[in-house]
Amino acid sequence: MSDFGISPTGFNRKRLDLLLSELNAEVKSIFGENFNVSPESPDGQINGVISESNANLWEIAEESYNAF
């Protein structure tokens with residue numbers, strides 16, 4: 001069972017820092033641990049943009065849940 005989304009206690013959204021660390025870990029699992037995902041690298045910047053977009057979606061989902 002996931003710790004995020006709708007739960008008996010309400011809505012738990014994923015935060016930007018968690019989304020970014022999960023995406024970085026997934027990329028490293030595919031391309032190897034030496035793959036550069038630092039915020040200064042082009043790939044790290046892409047991961048940051050994707051993670052921020054996903055964090056916005058989680059925030060919208062939480063706001064929608066709270067509207068009801």
# chains A, B, ... in the order shown; residues from 1 in each chain; ligands from 1
>>> residues_around(residues="Val49 in chain A", least_positions_apart="6", cutoff="10 Å", atoms="only C-alpha atoms", output="MDAnalysis selection string")
chainID A and resid 20 43 55
>>> write_last_selection(atoms="all heavy atoms", output="compact mmCIF listing (two decimals), in the first residue's frame")
# COMPACT_ATOMS: atom_id res chain seq x y z
N LEU A 20 12.13 14.33 -6.83
CA LEU A 20 13.44 14.49 -7.48
C LEU A 20 14.38 13.36 -7.10
O LEU A 20 15.05 12.79 -7.97
CB LEU A 20 14.05 15.84 -7.11
CG LEU A 20 15.40 16.15 -7.73
CD1 LEU A 20 15.34 16.10 -9.26
CD2 LEU A 20 15.91 17.51 -7.25
N ASP A 43 21.34 16.84 -17.51
CA ASP A 43 20.38 15.79 -17.12
C ASP A 43 19.75 16.09 -15.76
O ASP A 43 18.56 15.83 -15.56
CB ASP A 43 21.07 14.42 -17.11
CG ASP A 43 21.51 14.01 -18.50
OD1 ASP A 43 20.66 14.02 -19.41
OD2 ASP A 43 22.70 13.70 -18.67
N ALA A 55 5.41 17.58 -9.09
CA ALA A 55 5.03 18.14 -7.78
C ALA A 55 3.82 19.04 -7.92
O ALA A 55 2.93 19.04 -7.06
CB ALA A 55 6.21 18.90 -7.17
>>> residues_around(residues="Phe11 in chain A", least_positions_apart="2", cutoff="12 Å", atoms="only C-alpha atoms", output="list in words")
Ser2, Asp3, Phe4, Gly5, Ile6, Ser7, Pro8, Thr9, Arg13, Lys14, Trp58, Glu59, Ile60, Ala61, Glu62, Glu63, Ser64, Tyr65, Asn66, Ala67 and Phe68 of chain A
>>> write_last_selection(atoms="N, CA, C and O atoms", output="short mmCIF file (atom, residue, chain, number, x, y, z; two decimals), in the first residue's frame")
data_model
loop_
_atom_site.label_atom_id
_atom_site.label_comp_id
_atom_site.auth_asym_id
_atom_site.auth_seq_id
_atom_site.Cartn_x
_atom_site.Cartn_y
_atom_site.Cartn_z
N SER A 2 0.52 2.21 -0.80
CA SER A 2 1.30 3.43 -0.93
C SER A 2 1.05 4.37 0.25
O SER A 2 -0.04 4.42 0.81
N ASP A 3 2.07 5.12 0.59
CA ASP A 3 1.95 6.12 1.65
C ASP A 3 1.43 7.45 1.10
O ASP A 3 1.29 8.41 1.85
N PHE A 4 1.19 7.50 -0.21
CA PHE A 4 0.83 8.77 -0.86
C PHE A 4 -0.51 8.64 -1.57
O PHE A 4 -0.93 7.55 -1.94
N GLY A 5 -1.18 9.77 -1.74
CA GLY A 5 -2.50 9.77 -2.34
C GLY A 5 -3.55 9.78 -1.26
O GLY A 5 -3.33 10.24 -0.14
N ILE A 6 -4.70 9.24 -1.58
CA ILE A 6 -5.82 9.22 -0.64
C ILE A 6 -5.61 8.10 0.38
O ILE A 6 -5.30 6.97 0.01
N SER A 7 -5.75 8.45 1.64
CA SER A 7 -5.60 7.48 2.73
C SER A 7 -6.75 7.68 3.72
O SER A 7 -7.49 8.66 3.61
N PRO A 8 -6.88 6.80 4.67
CA PRO A 8 -7.95 6.97 5.67
C PRO A 8 -7.83 8.27 6.46
O PRO A 8 -8.82 8.77 7.00
N THR A 9 -6.64 8.83 6.53
CA THR A 9 -6.43 10.07 7.30
C THR A 9 -6.46 11.32 6.44
O THR A 9 -6.26 12.42 6.94
N ARG A 13 0.44 14.08 -0.17
CA ARG A 13 1.06 14.29 -1.47
C ARG A 13 2.56 14.11 -1.40
O ARG A 13 3.18 14.26 -0.35
N LYS A 14 3.12 13.76 -2.54
CA LYS A 14 4.57 13.66 -2.65
C LYS A 14 5.13 15.06 -2.83
O LYS A 14 4.60 15.86 -3.59
N TRP A 58 0.78 16.83 -8.11
CA TRP A 58 0.41 16.34 -6.77
C TRP A 58 -0.30 17.44 -5.97
O TRP A 58 -1.25 17.18 -5.24
N GLU A 59 0.17 18.67 -6.12
CA GLU A 59 -0.45 19.78 -5.40
C GLU A 59 -1.88 20.01 -5.90
O GLU A 59 -2.80 20.24 -5.11
N ILE A 60 -2.08 19.93 -7.21
CA ILE A 60 -3.42 20.09 -7.77
C ILE A 60 -4.34 18.97 -7.28
O ILE A 60 -5.51 19.20 -6.94
N ALA A 61 -3.82 17.75 -7.23
CA ALA A 61 -4.61 16.62 -6.74
C ALA A 61 -5.01 16.85 -5.29
O ALA A 61 -6.16 16.58 -4.90
N GLU A 62 -4.09 17.35 -4.48
CA GLU A 62 -4.40 17.62 -3.07
C GLU A 62 -5.45 18.72 -2.95
O GLU A 62 -6.39 18.60 -2.15
N GLU A 63 -5.31 19.76 -3.74
CA GLU A 63 -6.29 20.85 -3.70
C GLU A 63 -7.67 20.36 -4.13
O GLU A 63 -8.69 20.76 -3.56
N SER A 64 -7.71 19.51 -5.14
CA SER A 64 -8.98 18.93 -5.58
C SER A 64 -9.61 18.09 -4.49
O SER A 64 -10.81 18.17 -4.23
N TYR A 65 -8.79 17.27 -3.82
CA TYR A 65 -9.29 16.44 -2.73
C TYR A 65 -9.86 17.33 -1.61
O TYR A 65 -10.94 17.07 -1.10
N ASN A 66 -9.13 18.37 -1.26
CA ASN A 66 -9.56 19.24 -0.16
C ASN A 66 -10.79 20.07 -0.52
O ASN A 66 -11.50 20.53 0.37
N ALA A 67 -11.05 20.25 -1.81
CA ALA A 67 -12.23 21.01 -2.24
C ALA A 67 -13.52 20.27 -1.92
O ALA A 67 -14.57 20.87 -1.81
N PHE A 68 -13.41 18.95 -1.78
CA PHE A 68 -14.60 18.16 -1.47
C PHE A 68 -14.73 18.05 0.03
O PHE A 68 -15.58 17.68 0.63
#
>>> residues_around(residues="Glu52 in chain A", least_positions_apart="5", cutoff="12 Å", atoms="only C-alpha atoms", output="PDB file with N, CA and C atoms, in the first residue's frame")
ATOM      1  N   LYS A  14       3.119  13.755  -2.544  1.00  0.00           N
ATOM      2  CA  LYS A  14       4.570  13.656  -2.645  1.00  0.00           C
ATOM      3  C   LYS A  14       5.126  15.057  -2.827  1.00  0.00           C
ATOM      4  N   ARG A  15       6.191  15.337  -2.129  1.00  0.00           N
ATOM      5  CA  ARG A  15       6.836  16.652  -2.194  1.00  0.00           C
ATOM      6  C   ARG A  15       7.937  16.644  -3.253  1.00  0.00           C
ATOM      7  N   LEU A  16       8.339  17.831  -3.668  1.00  0.00           N
ATOM      8  CA  LEU A  16       9.329  17.993  -4.725  1.00  0.00           C
ATOM      9  C   LEU A  16      10.625  17.262  -4.413  1.00  0.00           C
ATOM     10  N   ASP A  17      11.136  17.373  -3.206  1.00  0.00           N
ATOM     11  CA  ASP A  17      12.409  16.743  -2.877  1.00  0.00           C
ATOM     12  C   ASP A  17      12.346  15.220  -3.020  1.00  0.00           C
ATOM     13  N   LEU A  18      11.233  14.621  -2.638  1.00  0.00           N
ATOM     14  CA  LEU A  18      11.074  13.176  -2.773  1.00  0.00           C
ATOM     15  C   LEU A  18      10.945  12.781  -4.239  1.00  0.00           C
ATOM     16  N   LEU A  19      10.159  13.525  -5.002  1.00  0.00           N
ATOM     17  CA  LEU A  19      10.002  13.229  -6.421  1.00  0.00           C
ATOM     18  C   LEU A  19      11.335  13.311  -7.152  1.00  0.00           C
ATOM     19  N   LEU A  20      12.130  14.329  -6.832  1.00  0.00           N
ATOM     20  CA  LEU A  20      13.437  14.487  -7.477  1.00  0.00           C
ATOM     21  C   LEU A  20      14.375  13.359  -7.098  1.00  0.00           C
ATOM     22  N   SER A  21      14.417  12.994  -5.838  1.00  0.00           N
ATOM     23  CA  SER A  21      15.324  11.914  -5.429  1.00  0.00           C
ATOM     24  C   SER A  21      14.893  10.583  -6.037  1.00  0.00           C
ATOM     25  N   LEU A  23      13.313  10.200  -8.963  1.00  0.00           N
ATOM     26  CA  LEU A  23      13.654  10.257 -10.387  1.00  0.00           C
ATOM     27  C   LEU A  23      15.159  10.088 -10.591  1.00  0.00           C
ATOM     28  N   GLN A  45      19.216  19.049 -14.583  1.00  0.00           N
ATOM     29  CA  GLN A  45      18.267  20.140 -14.801  1.00  0.00           C
ATOM     30  C   GLN A  45      16.961  19.618 -15.394  1.00  0.00           C
ATOM     31  N   ILE A  46      17.060  18.669 -16.326  1.00  0.00           N
ATOM     32  CA  ILE A  46      15.850  18.060 -16.897  1.00  0.00           C
ATOM     33  C   ILE A  46      15.073  17.334 -15.802  1.00  0.00           C
ATOM     34  N   ASN A  47      15.781  16.583 -14.953  1.00  0.00           N
ATOM     35  CA  ASN A  47      15.117  15.887 -13.845  1.00  0.00           C
ATOM     36  C   ASN A  47      14.426  16.880 -12.918  1.00  0.00           C
ATOM     37  N   LEU A  57       1.446  18.660 -10.131  1.00  0.00           N
ATOM     38  CA  LEU A  57       0.300  17.766 -10.306  1.00  0.00           C
ATOM     39  C   LEU A  57      -0.166  17.203  -8.962  1.00  0.00           C
ATOM     40  N   TRP A  58       0.780  16.825  -8.110  1.00  0.00           N
ATOM     41  CA  TRP A  58       0.414  16.336  -6.768  1.00  0.00           C
ATOM     42  C   TRP A  58      -0.296  17.436  -5.972  1.00  0.00           C
ATOM     43  N   GLU A  59       0.172  18.671  -6.119  1.00  0.00           N
ATOM     44  CA  GLU A  59      -0.451  19.780  -5.397  1.00  0.00           C
ATOM     45  C   GLU A  59      -1.877  20.015  -5.903  1.00  0.00           C
TER      46      GLU A  59
END
>>> atom_distance(atom1="CA of Asn24 in chain A", atom2="CA of Gly48 in chain A")
9.2 Å
>>> atom_distance(atom1="CA of Ile30 in chain A", atom2="CA of Asn56 in chain A")
25.3 Å
>>> select_by_dssp(residues="chain A", states="alpha helix (DSSP H)", output="PyMOL selection string")
chain A and resi 16-31+42-67
>>> atom_distance(atom1="CA of Ala25 in chain A", atom2="CA of Val37 in chain A")
9.2 Å
